Amino acid sequence: MDHFPTNWGRPRNDAIDPYGTYPLHPRPNKDAFADGVQRTQQPIVTGTSVLAIKFKDGIMMAADNLASYGSLARFKDVQRLQAVGDYTVVGASGDMSDFQYIQRILDDIAIQEIAAQDGHELGPVEIHEYMSQVMYARRSRINPLWNSLVIGGFKDGKRWVDTAYVVAGADVCSGSCRTSICLGPPYTASTIATGYGAYIAQPLLRKAVEGYENVLTEEQARKILEDSMRVLFYRDARSLNKYQFATITTAGVKISDSLQLETAWGFAEGIRGYGAQTQ
């Protein structure tokens with residue numbers, strides 16, 4: 001990477017120099033940074049929350065289509081839910097370039113599994129275990145993948161919703177959600193949310209889903225996720241009202257086209273500092 005702003009092609013004027021590039025200092029013969037091993041220090045183009053819940057016939061996930069460049073809503077047609085085989089969907093928060101790398105390695109192992117022709121098919125358990133090891137290995141080399149992954153699937157009559165964070169991996173608990181973080185042991189639940197959704201949407205999901213996993217219909221699950229995505233759009237500055245659903249059932253994996261949230265902002269007129277109120 002070129003660490004000298006004067007080489008970035010910015011305009012310069014000898015009379016007016018808004019970028020402070022005058023006088024031009026000669027570039028040293030050797031870049032002091034060139035010999036160092038370069039690592040990604042922080043995510044650049046990022047996606048926000050991914051939500052996943054269990055319902056009686058399978059798993060449903062949701063994520064919006066926004067990839068933000070810092071605070072700029074830059075890319076508005078990014079699919080953050082990817083089908084892996086016939087039983088699994090992987091959703092990603094965090095750095096989108098790292099997620100593209102993850103998509104490539106998942107495609108590679110899917111091709112290898114097909115080429116083996118041994119009658120075995122990858123399911124959510126295998127995908128979760130593999131991604132947990134990948135994330136942990138990259139973190140151990142001080143070159144982490146800056147993502148939080150949600151892995152949902154339905155195979156052999158069992159529903160699986162798991163996560164693989166940048167900080168660690170986890171084992172899988174049959175028919176439940178499992179996550180692993182650096183500050184505590186894995187926990188089991190029926191709902192998963194990453195990003196800002198872990199703070200805003202997770203309480204809503206728990207209230208609506210826990211205890212009702214075996215009675216919720218697909219339509220009810222969709223309504224719960226849609227309401228949660230609407231709340232996130234209202235409250236999360238890095239979210240978008242354009243989103244997708246992924247449904248995993250005995251019929252296989254189905255990822256919807258991009259949908260538009262119906263929102264109403266009339267309540268904003270009553271918010272102090274936003275609407276017409278001055279006191």
# chains A, B, ... in the order shown; residues from 1 in each chain; ligands from 1
$ select_by_dssp --residues "segment 87-253 of chain A" --states "alpha helix (DSSP H)" --output "number ranges by chain"
A: 96-116, 124-140, 197-209, 218-235
$ atom_distance --atom1 "atom CA of Gly252 of chain A" --atom2 "atom CA of Arg80 of chain A"
18.5 Å
$ closest_residue --among "A:Lys54, A:Arg139, A:Lys155, A:Arg74" --to "Arg222 of chain A" --atoms "only C-alpha atoms"
A:Lys54
$ atom_distance --atom1 "atom CA of Ser93 of chain A" --atom2 "atom CA of Arg141 of chain A"
21.1 Å
$ closest_residue --among "A:Leu232, A:Ala52, A:Leu225, A:Ile44" --to "Tyr196 of chain A" --atoms "only C-alpha atoms"
A:Leu232
$ select_by_dssp --residues "segment 50-272 of chain A" --states "strand (DSSP E or B)" --output "number ranges by chain"
A: 50-55, 58-64, 67-69, 72-75, 81-84, 88-95, 147-155, 158-165, 177-181, 184-189, 191-193, 242-249, 252-255, 259-260
$ closest_residue --among "A:Asp98, A:Glu218, A:Glu129, A:Asp77" --to "Val45 of chain A" --atoms "only C-alpha atoms"
A:Asp98
